[in-house]
>>> print(open('model.cif').read())   # mmCIF, C-alpha atoms
data_query
loop_
_atom_site.label_atom_id
_atom_site.label_comp_id
_atom_site.auth_asym_id
_atom_site.auth_seq_id
_atom_site.Cartn_x
_atom_site.Cartn_y
_atom_site.Cartn_z
CA MET X 1 0.00 0.00 0.00
CA GLN X 2 2.81 2.43 0.85
CA ASN X 3 4.39 1.91 -2.58
CA ILE X 4 1.04 2.62 -4.24
CA MET X 5 0.55 5.77 -2.20
CA LYS X 6 4.00 7.02 -3.20
CA GLN X 7 3.25 6.71 -6.90
CA LYS X 8 2.74 10.03 -8.61
CA PHE X 9 0.71 10.15 -11.79
CA SER X 10 1.66 12.75 -14.36
CA HIS X 11 -0.55 15.79 -14.83
CA GLN X 12 -1.02 14.73 -18.44
CA ALA X 13 -2.27 11.25 -17.46
CA ILE X 14 -4.69 12.67 -14.87
CA THR X 15 -6.03 15.26 -17.31
CA ALA X 16 -6.58 12.54 -19.93
CA LEU X 17 -8.59 10.48 -17.42
CA LEU X 18 -10.70 13.49 -16.48
CA HIS X 19 -11.48 14.06 -20.14
CA ARG X 20 -12.21 10.34 -20.62
CA ARG X 21 -15.39 10.42 -18.52
CA TYR X 22 -18.48 11.49 -20.45
CA SER X 23 -22.22 10.83 -20.50
CA CYS X 24 -22.65 7.82 -22.78
CA ARG X 25 -25.75 8.04 -24.97
CA GLU X 26 -25.60 4.65 -26.69
CA PHE X 27 -24.28 1.42 -25.18
CA ASP X 28 -23.04 -1.69 -26.98
CA THR X 29 -25.44 -4.45 -25.94
CA HIS X 30 -22.89 -7.18 -26.70
CA GLN X 31 -20.16 -5.98 -24.31
CA LYS X 32 -20.50 -6.78 -20.62
CA ILE X 33 -18.43 -5.43 -17.74
CA ALA X 34 -16.24 -7.98 -15.96
CA LYS X 35 -17.35 -8.66 -12.38
CA GLU X 36 -13.97 -7.68 -10.90
CA ASP X 37 -14.10 -4.34 -12.72
CA PHE X 38 -17.59 -3.55 -11.48
CA GLU X 39 -16.64 -4.56 -7.94
CA LEU X 40 -13.90 -1.92 -8.10
CA ILE X 41 -16.43 0.70 -9.24
CA LEU X 42 -18.65 -0.21 -6.27
CA GLU X 43 -15.68 -0.02 -3.92
CA ALA X 44 -15.05 3.52 -5.16
CA GLY X 45 -18.58 4.38 -4.07
CA ARG X 46 -18.30 2.57 -0.76
CA LEU X 47 -15.07 4.41 0.08
CA ALA X 48 -16.38 7.84 -0.97
CA PRO X 49 -16.28 10.61 1.64
CA SER X 50 -19.48 11.73 3.36
CA SER X 51 -20.42 14.34 5.95
CA LEU X 52 -19.68 13.01 9.46
CA GLY X 53 -18.88 9.67 7.84
CA LEU X 54 -22.61 8.88 7.72
CA GLU X 55 -22.48 7.09 4.35
CA PRO X 56 -26.20 7.79 3.75
CA TRP X 57 -26.37 5.56 0.69
CA GLU X 58 -27.14 2.09 -0.52
CA PHE X 59 -26.34 0.72 -3.98
CA VAL X 60 -28.50 -1.81 -5.84
CA VAL X 61 -26.85 -3.47 -8.86
CA ILE X 62 -29.07 -4.79 -11.65
CA THR X 63 -27.83 -6.98 -14.50
CA ALA X 64 -31.01 -9.01 -15.13
CA GLU X 65 -32.26 -8.00 -18.57
CA ALA X 66 -35.96 -8.37 -17.71
CA LEU X 67 -35.65 -6.17 -14.62
CA LYS X 68 -33.68 -3.52 -16.52
CA LYS X 69 -36.47 -3.37 -19.11
CA THR X 70 -39.09 -3.04 -16.37
CA ILE X 71 -37.25 -0.21 -14.65
CA ALA X 72 -36.54 1.48 -17.99
CA LYS X 73 -40.27 2.10 -18.39
CA ASP X 74 -40.08 4.44 -15.39
CA ALA X 75 -37.37 6.46 -17.11
CA PRO X 76 -38.97 7.10 -20.53
CA SER X 77 -36.38 9.57 -21.83
CA ASN X 78 -33.54 7.21 -20.88
CA GLN X 79 -35.24 3.90 -21.68
CA ALA X 80 -32.88 2.83 -24.48
CA LYS X 81 -29.76 3.51 -22.40
CA ILE X 82 -31.04 1.50 -19.45
CA GLU X 83 -32.09 -1.45 -21.60
CA ALA X 84 -28.76 -1.53 -23.45
CA CYS X 85 -26.31 -0.98 -20.59
CA SER X 86 -24.32 -3.79 -19.02
CA HIS X 87 -25.01 -2.85 -15.39
CA LEU X 88 -27.67 -0.53 -13.98
CA LEU X 89 -26.93 0.94 -10.56
CA VAL X 90 -29.73 2.31 -8.40
CA VAL X 91 -28.33 4.78 -5.88
CA CYS X 92 -30.53 5.10 -2.81
CA SER X 93 -30.42 7.79 -0.13
CA LEU X 94 -31.32 7.59 3.55
CA LEU X 95 -34.64 9.17 4.47
CA PRO X 96 -34.53 12.21 6.80
CA ASP X 97 -35.99 10.47 9.83
CA VAL X 98 -33.21 7.87 9.79
CA LEU X 99 -30.46 10.46 10.11
CA ARG X 100 -30.73 10.65 13.89
CA PRO X 101 -28.34 9.50 16.63
CA GLU X 102 -31.09 7.35 18.15
CA SER X 103 -31.80 5.45 14.90
CA ASN X 104 -30.83 1.82 14.40
CA TYR X 105 -28.89 2.89 11.30
CA PHE X 106 -26.67 5.19 13.37
CA ARG X 107 -26.14 2.55 16.07
CA GLU X 108 -25.14 -0.06 13.50
CA LEU X 109 -22.86 2.40 11.68
CA TYR X 110 -21.08 3.31 14.91
CA PRO X 111 -21.23 0.25 17.18
CA ASP X 112 -18.30 1.60 19.16
CA GLY X 113 -19.82 3.61 22.00
CA ALA X 114 -16.99 6.15 22.17
CA THR X 115 -17.18 6.96 18.47
CA ALA X 116 -20.97 7.18 18.57
CA ALA X 117 -20.81 9.51 21.56
CA HIS X 118 -18.39 11.73 19.64
CA ILE X 119 -20.41 11.86 16.39
CA ALA X 120 -23.92 12.05 17.88
CA PRO X 121 -23.77 15.68 19.12
CA MET X 122 -22.30 16.80 15.79
CA LEU X 123 -25.16 15.14 13.92
CA GLU X 124 -27.68 16.76 16.27
CA SER X 125 -26.03 20.14 15.66
CA VAL X 126 -26.20 19.69 11.89
CA ARG X 127 -29.87 18.71 12.09
CA LYS X 128 -30.94 21.54 14.39
CA ASN X 129 -28.63 24.42 13.49
CA ARG X 130 -27.65 23.99 9.87
CA LEU X 131 -30.74 22.10 8.65
CA GLN X 132 -33.25 23.60 11.12
CA ASP X 133 -34.88 20.19 11.69
CA ASN X 134 -36.47 20.68 8.29
CA ASP X 135 -37.13 17.41 6.49
CA LEU X 136 -36.67 18.99 3.06
CA LEU X 137 -33.23 20.31 4.02
CA ILE X 138 -32.23 17.04 5.69
CA HIS X 139 -33.40 15.18 2.61
CA ALA X 140 -31.23 17.39 0.38
CA TYR X 141 -28.28 16.94 2.77
CA ALA X 142 -28.45 13.14 2.46
CA ARG X 143 -28.89 13.26 -1.31
CA GLU X 144 -25.90 15.54 -1.85
CA GLN X 145 -23.66 13.02 -0.07
CA CYS X 146 -24.81 10.35 -2.52
CA PHE X 147 -23.66 12.47 -5.44
CA ILE X 148 -20.12 12.51 -4.04
CA ALA X 149 -20.14 8.71 -4.33
CA ILE X 150 -21.72 8.92 -7.79
CA GLY X 151 -18.92 11.16 -9.04
CA GLN X 152 -16.27 8.87 -7.59
CA MET X 153 -17.83 5.75 -9.16
CA THR X 154 -18.25 7.23 -12.63
CA GLN X 155 -14.70 8.59 -12.64
CA THR X 156 -13.36 5.21 -11.53
CA ALA X 157 -15.31 3.62 -14.37
CA ALA X 158 -13.63 6.00 -16.83
CA MET X 159 -10.24 4.97 -15.43
CA LEU X 160 -11.18 1.38 -16.32
CA ASP X 161 -12.24 2.51 -19.82
CA ILE X 162 -15.88 1.86 -18.91
CA ASP X 163 -18.58 4.33 -19.93
CA SER X 164 -21.47 5.60 -17.84
CA CYS X 165 -24.49 7.84 -17.86
CA ILE X 166 -25.92 9.46 -14.72
CA ILE X 167 -29.73 9.46 -14.91
CA GLY X 168 -31.84 11.76 -12.78
CA GLY X 169 -34.98 11.68 -14.93
CA PHE X 170 -37.03 8.76 -13.62
CA TYR X 171 -40.07 8.03 -11.48
CA ALA X 172 -38.65 7.15 -8.07
CA ALA X 173 -41.91 5.69 -6.78
CA GLY X 174 -42.08 3.31 -9.72
CA VAL X 175 -38.49 2.15 -9.28
CA GLN X 176 -39.09 1.74 -5.54
CA LYS X 177 -42.12 -0.43 -6.27
CA HIS X 178 -40.20 -2.67 -8.68
CA LEU X 179 -37.44 -3.13 -6.11
CA ASP X 180 -39.54 -3.28 -2.96
CA THR X 181 -37.97 -6.63 -2.05
CA TYR X 182 -34.48 -5.11 -2.13
CA ILE X 183 -34.91 -1.51 -0.96
CA ASP X 184 -36.14 -0.85 2.56
CA ALA X 185 -38.73 1.86 1.88
CA TYR X 186 -38.73 2.88 5.55
CA HIS X 187 -35.07 3.83 5.39
CA PHE X 188 -34.04 4.44 1.77
CA GLU X 189 -35.36 5.88 -1.48
CA PRO X 190 -33.93 5.85 -5.03
CA VAL X 191 -32.33 9.19 -5.93
CA CYS X 192 -30.31 8.39 -9.04
CA LEU X 193 -29.75 5.72 -11.67
CA ILE X 194 -26.39 5.11 -13.34
CA ALA X 195 -26.07 3.10 -16.53
CA PHE X 196 -22.65 1.49 -17.01
CA GLY X 197 -21.29 -0.27 -20.06
CA TYR X 198 -19.25 0.26 -23.20
CA GLY X 199 -20.24 3.01 -25.60
CA ARG X 200 -20.81 2.36 -29.28
CA THR X 201 -19.12 5.63 -30.17
CA GLN X 202 -15.98 7.42 -29.03
CA PRO X 203 -16.19 9.84 -26.08
CA ALA X 204 -17.33 13.28 -27.13
CA THR X 205 -15.07 16.29 -26.74
CA LYS X 206 -15.80 17.95 -23.42
CA HIS X 207 -17.42 21.35 -23.53
CA ARG X 208 -16.75 23.39 -20.43
CA LYS X 209 -16.67 27.06 -19.46
CA PRO X 210 -13.28 28.74 -19.94
CA TYR X 211 -10.94 28.47 -16.95
CA GLU X 212 -11.25 32.16 -16.13
CA LYS X 213 -15.06 31.91 -16.03
CA ALA X 214 -15.08 28.94 -13.66
CA ILE X 215 -12.18 29.67 -11.29
CA LYS X 216 -11.11 32.67 -9.24
CA TRP X 217 -7.88 32.91 -7.29
CA LEU X 218 -7.70 35.14 -4.24
CA HIS X 219 -4.09 35.97 -3.34
#
>>> encode(input="model.cif", output="structure tokens")
Amino acid sequence: MQNIMKQKFSHQAITALLHRRYSCREFDTHQKIAKEDFELILEAGRLAPSSLGLEPWEFVVITAEALKKTIAKDAPSNQAKIEACSHLLVVCSLLPDVLRPESNYFRELYPDGATAAHIAPMLESVRKNRLQDNDLLIHAYAREQCFIAIGQMTQTAAMLDIDSCIIGGFYAAGVQKHLDTYIDAYHFEPVCLIAFGYGRTQPATKHRKPYEKAIKWLH
């Protein structure tokens, strides 16, 4: 591990990887992602940072063709991508009422009493002071943590030369219903879908704002 940590990747190599990630619009139905590669993508999500280390996410992996087609109907504008992709990932977020120190989720996450005692007052402070005990704000807080993991997984996929498309346009209630056996509706809800696979076309050239429009230095 120490040798790996000491490795330094060139700026050119890192920039190339950042440009490699793009939103794939058309997947090759004949190419499937190797299990060990997808496990690494999932590990990137599992190891992603989160506020207070709460990890308010759960990932459901779908490779069954019939189930992908069923879920695709609840994402009409992305139906073709979901049906064609190799792996569909449903990213679920904790519900607001679960993000409490007294919840079973919190107790299981921090079984060590000393750690729980340290984190609990910070979580209470976030809920009451920053989020004003408002369910809408707490909901947004949990969701935004999930998108940190989403970014880390899709970038890791690009490093493996695997394409992806982040999908926000879908009917969450419909997806929840289809997966009611696998998603605990009392604790989690679907917030994002990610289609993974191999694109039929080459990555598009990235279009971004000029550097000076996006970044300001204060010396």
>>> residues_around(input="model.cif", residues="region 43-52 of chain X", least_positions_apart="2", cutoff="9 Å", atoms="only C-alpha atoms", output="PDB file with C-alpha atoms, in the frame of the given file")
ATOM      1  CA  PHE X  38     -17.590  -3.550 -11.480  1.00  0.00           C
ATOM      2  CA  GLU X  39     -16.640  -4.560  -7.940  1.00  0.00           C
ATOM      3  CA  LEU X  40     -13.900  -1.920  -8.100  1.00  0.00           C
ATOM      4  CA  ILE X  41     -16.430   0.700  -9.240  1.00  0.00           C
ATOM      5  CA  LEU X  54     -22.610   8.880   7.720  1.00  0.00           C
ATOM      6  CA  GLU X  55     -22.480   7.090   4.350  1.00  0.00           C
ATOM      7  CA  PRO X  56     -26.200   7.790   3.750  1.00  0.00           C
ATOM      8  CA  TRP X  57     -26.370   5.560   0.690  1.00  0.00           C
ATOM      9  CA  GLU X  58     -27.140   2.090  -0.520  1.00  0.00           C
ATOM     10  CA  PHE X  59     -26.340   0.720  -3.980  1.00  0.00           C
ATOM     11  CA  ILE X 119     -20.410  11.860  16.390  1.00  0.00           C
ATOM     12  CA  MET X 122     -22.300  16.800  15.790  1.00  0.00           C
ATOM     13  CA  LEU X 123     -25.160  15.140  13.920  1.00  0.00           C
ATOM     14  CA  TYR X 141     -28.280  16.940   2.770  1.00  0.00           C
ATOM     15  CA  ALA X 142     -28.450  13.140   2.460  1.00  0.00           C
ATOM     16  CA  GLN X 145     -23.660  13.020  -0.070  1.00  0.00           C
ATOM     17  CA  CYS X 146     -24.810  10.350  -2.520  1.00  0.00           C
ATOM     18  CA  ILE X 148     -20.120  12.510  -4.040  1.00  0.00           C
ATOM     19  CA  ALA X 149     -20.140   8.710  -4.330  1.00  0.00           C
ATOM     20  CA  ILE X 150     -21.720   8.920  -7.790  1.00  0.00           C
ATOM     21  CA  GLY X 151     -18.920  11.160  -9.040  1.00  0.00           C
ATOM     22  CA  GLN X 152     -16.270   8.870  -7.590  1.00  0.00           C
ATOM     23  CA  MET X 153     -17.830   5.750  -9.160  1.00  0.00           C
ATOM     24  CA  THR X 154     -18.250   7.230 -12.630  1.00  0.00           C
ATOM     25  CA  THR X 156     -13.360   5.210 -11.530  1.00  0.00           C
TER      26      THR X 156
END
>>> resolve_selection(input="model.cif", expression="the PyMOL selection byres ((chain X and resi 82) around 9)", output="list in words")
Phe27, Lys68, Lys69, Ile71, Ala72, Ala75, Asn78, Gln79, Ala80, Lys81, Glu83, Ala84, Cys85, Ser86, His87, Leu88, Leu193, Ile194, Ala195 and Phe196 of chain X
>>> closest_residue(input="model.cif", among="X:His118, X:Arg25, X:Arg20, X:Lys128", to="Ile162 (chain X)", atoms="all atoms listed in the file")
X:Arg20
>>> resolve_selection(input="model.cif", expression="the PyMOL selection byres ((chain X and resi 120) around 12)", output="count of residues only")
27
>>> atom_distance(input="model.cif", atom1="CA of Leu17 (chain X)", atom2="CA of Met159 (chain X)")
6.1 Å
>>> residues_around(input="model.cif", residues="Pro96 (chain X)", least_positions_apart="4", cutoff="9 Å", atoms="all atoms listed in the file", output="ChimeraX atom specification")
/X:100,134-142,187
>>> write_last_selection(input="model.cif", atoms="C-alpha atoms", output="CSV table (one decimal), in the frame of the given file")
chain,number,residue,atom,x,y,z
X,100,ARG,CA,-30.7,10.6,13.9
X,134,ASN,CA,-36.5,20.7,8.3
X,135,ASP,CA,-37.1,17.4,6.5
X,136,LEU,CA,-36.7,19.0,3.1
X,137,LEU,CA,-33.2,20.3,4.0
X,138,ILE,CA,-32.2,17.0,5.7
X,139,HIS,CA,-33.4,15.2,2.6
X,140,ALA,CA,-31.2,17.4,0.4
X,141,TYR,CA,-28.3,16.9,2.8
X,142,ALA,CA,-28.4,13.1,2.5
X,187,HIS,CA,-35.1,3.8,5.4
>>> axis_aligned_box(input="model.cif", around="region 81-86 of chain X", padding_each_side="5 Å", output="lines of an AutoDock Vina configuration file")
center_x = -28.2
center_y = -0.1
center_z = -21.2
size_x = 17.8
size_y = 17.3
size_z = 14.4
>>> residues_around(input="model.cif", residues="Cys24 (chain X)", least_positions_apart="6", cutoff="9 Å", atoms="only C-alpha atoms", output="list in words")
Lys81, Asp163, Ser164, Cys165, Ile166, Ala195, Phe196, Gly197, Tyr198, Gly199, Arg200, Thr201, Pro203 and Ala204 of chain X
>>> resolve_selection(input="model.cif", expression="the PyMOL selection byres ((chain X and resi 16) around 12)", output="list in words")
Phe9, Ser10, His11, Gln12, Ala13, Ile14, Thr15, Leu17, Leu18, His19, Arg20, Arg21, Tyr22, Gln155, Ala158, Met159, Asp161, Pro203, Thr205 and Lys206 of chain X
>>> atom_distance(input="model.cif", atom1="CA of Pro76 (chain X)", atom2="CA of Ile167 (chain X)")
11.1 Å
>>> closest_atom_pairs(input="model.cif", of="region 47-120 of chain X", to="region 179-185 of chain X", cutoff="9 Å", atoms="all atoms listed in the file", output="CSV")
residue,atom,partner,partner_atom,distance
X:Glu58,CA,X:Ile183,CA,8.6
X:Val60,CA,X:Tyr182,CA,7.8
X:Cys92,CA,X:Ile183,CA,8.1
X:Leu95,CA,X:Ala185,CA,8.8
>>> closest_residue(input="model.cif", among="X:Glu144, X:Asp133, X:Asp74, X:Glu108", to="Ala172 (chain X)", atoms="only C-alpha atoms")
X:Asp74
>>> closest_residue(input="model.cif", among="X:Leu131, X:His207, X:Lys8, X:Leu94", to="Tyr186 (chain X)", atoms="only C-alpha atoms")
X:Leu94
>>> atom_distance(input="model.cif", atom1="CA of Val191 (chain X)", atom2="CA of Val90 (chain X)")
7.8 Å
>>> decode(input="model.cif", residues="region 57-98 of chain X", atoms="N, CA and C atoms", output="short mmCIF file (atom, residue, chain, number, x, y, z; two decimals), in the first residue's frame")
data_model
loop_
_atom_site.label_atom_id
_atom_site.label_comp_id
_atom_site.auth_asym_id
_atom_site.auth_seq_id
_atom_site.Cartn_x
_atom_site.Cartn_y
_atom_site.Cartn_z
N TRP X 57 -26.05 6.13 1.99
CA TRP X 57 -26.37 5.56 0.69
C TRP X 57 -26.47 4.04 0.75
N GLU X 58 -27.09 3.53 -0.28
CA GLU X 58 -27.14 2.09 -0.52
C GLU X 58 -27.18 1.91 -2.03
N PHE X 59 -26.44 0.93 -2.54
CA PHE X 59 -26.34 0.72 -3.98
C PHE X 59 -26.96 -0.62 -4.36
N VAL X 60 -27.85 -0.59 -5.34
CA VAL X 60 -28.50 -1.81 -5.84
C VAL X 60 -28.04 -2.03 -7.28
N VAL X 61 -27.40 -3.16 -7.54
CA VAL X 61 -26.85 -3.47 -8.86
C VAL X 61 -27.82 -4.38 -9.61
N ILE X 62 -28.13 -4.00 -10.84
CA ILE X 62 -29.07 -4.79 -11.65
C ILE X 62 -28.41 -5.18 -12.98
N THR X 63 -28.33 -6.48 -13.21
CA THR X 63 -27.83 -6.98 -14.50
C THR X 63 -28.89 -7.82 -15.22
N ALA X 64 -29.95 -8.21 -14.52
CA ALA X 64 -31.01 -9.01 -15.13
C ALA X 64 -31.71 -8.20 -16.22
N GLU X 65 -31.71 -8.73 -17.43
CA GLU X 65 -32.26 -8.00 -18.57
C GLU X 65 -33.74 -7.66 -18.38
N ALA X 66 -34.52 -8.60 -17.87
CA ALA X 66 -35.96 -8.37 -17.71
C ALA X 66 -36.22 -7.24 -16.72
N LEU X 67 -35.46 -7.21 -15.63
CA LEU X 67 -35.65 -6.17 -14.62
C LEU X 67 -35.20 -4.81 -15.14
N LYS X 68 -34.12 -4.79 -15.91
CA LYS X 68 -33.68 -3.52 -16.52
C LYS X 68 -34.78 -2.96 -17.43
N LYS X 69 -35.40 -3.82 -18.20
CA LYS X 69 -36.47 -3.37 -19.11
C LYS X 69 -37.67 -2.85 -18.32
N THR X 70 -37.97 -3.50 -17.21
CA THR X 70 -39.09 -3.04 -16.37
C THR X 70 -38.81 -1.67 -15.79
N ILE X 71 -37.61 -1.49 -15.25
CA ILE X 71 -37.25 -0.21 -14.65
C ILE X 71 -37.15 0.88 -15.72
N ALA X 72 -36.69 0.51 -16.91
CA ALA X 72 -36.54 1.48 -17.99
C ALA X 72 -37.85 2.17 -18.32
N LYS X 73 -38.97 1.49 -18.11
CA LYS X 73 -40.27 2.10 -18.39
C LYS X 73 -40.56 3.27 -17.47
N ASP X 74 -39.91 3.32 -16.30
CA ASP X 74 -40.08 4.44 -15.39
C ASP X 74 -39.05 5.53 -15.62
N ALA X 75 -38.30 5.41 -16.71
CA ALA X 75 -37.37 6.46 -17.11
C ALA X 75 -37.49 6.62 -18.62
N PRO X 76 -38.66 7.10 -19.09
CA PRO X 76 -38.97 7.10 -20.53
C PRO X 76 -37.91 7.75 -21.42
N SER X 77 -37.35 8.88 -20.98
CA SER X 77 -36.38 9.57 -21.83
C SER X 77 -35.02 8.89 -21.83
N ASN X 78 -34.82 7.92 -20.96
CA ASN X 78 -33.54 7.21 -20.88
C ASN X 78 -33.73 5.70 -21.07
N GLN X 79 -34.88 5.32 -21.59
CA GLN X 79 -35.24 3.90 -21.68
C GLN X 79 -34.22 3.08 -22.47
N ALA X 80 -33.81 3.58 -23.62
CA ALA X 80 -32.88 2.83 -24.48
C ALA X 80 -31.54 2.61 -23.79
N LYS X 81 -31.05 3.63 -23.09
CA LYS X 81 -29.76 3.51 -22.40
C LYS X 81 -29.82 2.45 -21.31
N ILE X 82 -30.90 2.46 -20.55
CA ILE X 82 -31.04 1.50 -19.45
C ILE X 82 -31.15 0.07 -19.98
N GLU X 83 -31.91 -0.11 -21.04
CA GLU X 83 -32.09 -1.45 -21.60
C GLU X 83 -30.79 -1.99 -22.20
N ALA X 84 -29.96 -1.09 -22.74
CA ALA X 84 -28.76 -1.53 -23.45
C ALA X 84 -27.53 -1.66 -22.56
N CYS X 85 -27.53 -1.00 -21.42
CA CYS X 85 -26.31 -0.98 -20.59
C CYS X 85 -26.00 -2.35 -20.02
N SER X 86 -24.76 -2.53 -19.63
CA SER X 86 -24.32 -3.79 -19.02
C SER X 86 -24.82 -3.91 -17.58
N HIS X 87 -24.62 -2.86 -16.80
CA HIS X 87 -25.01 -2.85 -15.39
C HIS X 87 -25.78 -1.56 -15.10
N LEU X 88 -26.91 -1.69 -14.44
CA LEU X 88 -27.67 -0.53 -13.98
C LEU X 88 -27.51 -0.44 -12.47
N LEU X 89 -27.11 0.73 -12.00
CA LEU X 89 -26.93 0.94 -10.56
C LEU X 89 -28.00 1.89 -10.05
N VAL X 90 -28.75 1.46 -9.05
CA VAL X 90 -29.73 2.31 -8.40
C VAL X 90 -29.10 2.84 -7.12
N VAL X 91 -28.93 4.15 -7.06
CA VAL X 91 -28.33 4.78 -5.88
C VAL X 91 -29.46 5.25 -4.98
N CYS X 92 -29.47 4.76 -3.75
CA CYS X 92 -30.53 5.10 -2.81
C CYS X 92 -29.98 5.96 -1.67
N SER X 93 -30.81 6.87 -1.20
CA SER X 93 -30.42 7.79 -0.13
C SER X 93 -31.24 7.52 1.12
N LEU X 94 -30.61 7.72 2.27
CA LEU X 94 -31.32 7.59 3.55
C LEU X 94 -32.44 8.62 3.65
N LEU X 95 -33.54 8.24 4.23
CA LEU X 95 -34.64 9.17 4.47
C LEU X 95 -34.33 10.05 5.69
N PRO X 96 -34.87 11.25 5.73
CA PRO X 96 -34.53 12.21 6.80
C PRO X 96 -34.68 11.68 8.22
N ASP X 97 -35.73 10.91 8.47
CA ASP X 97 -35.99 10.47 9.83
C ASP X 97 -34.96 9.46 10.34
N VAL X 98 -34.21 8.87 9.40
CA VAL X 98 -33.21 7.87 9.79
C VAL X 98 -31.90 8.53 10.22
#
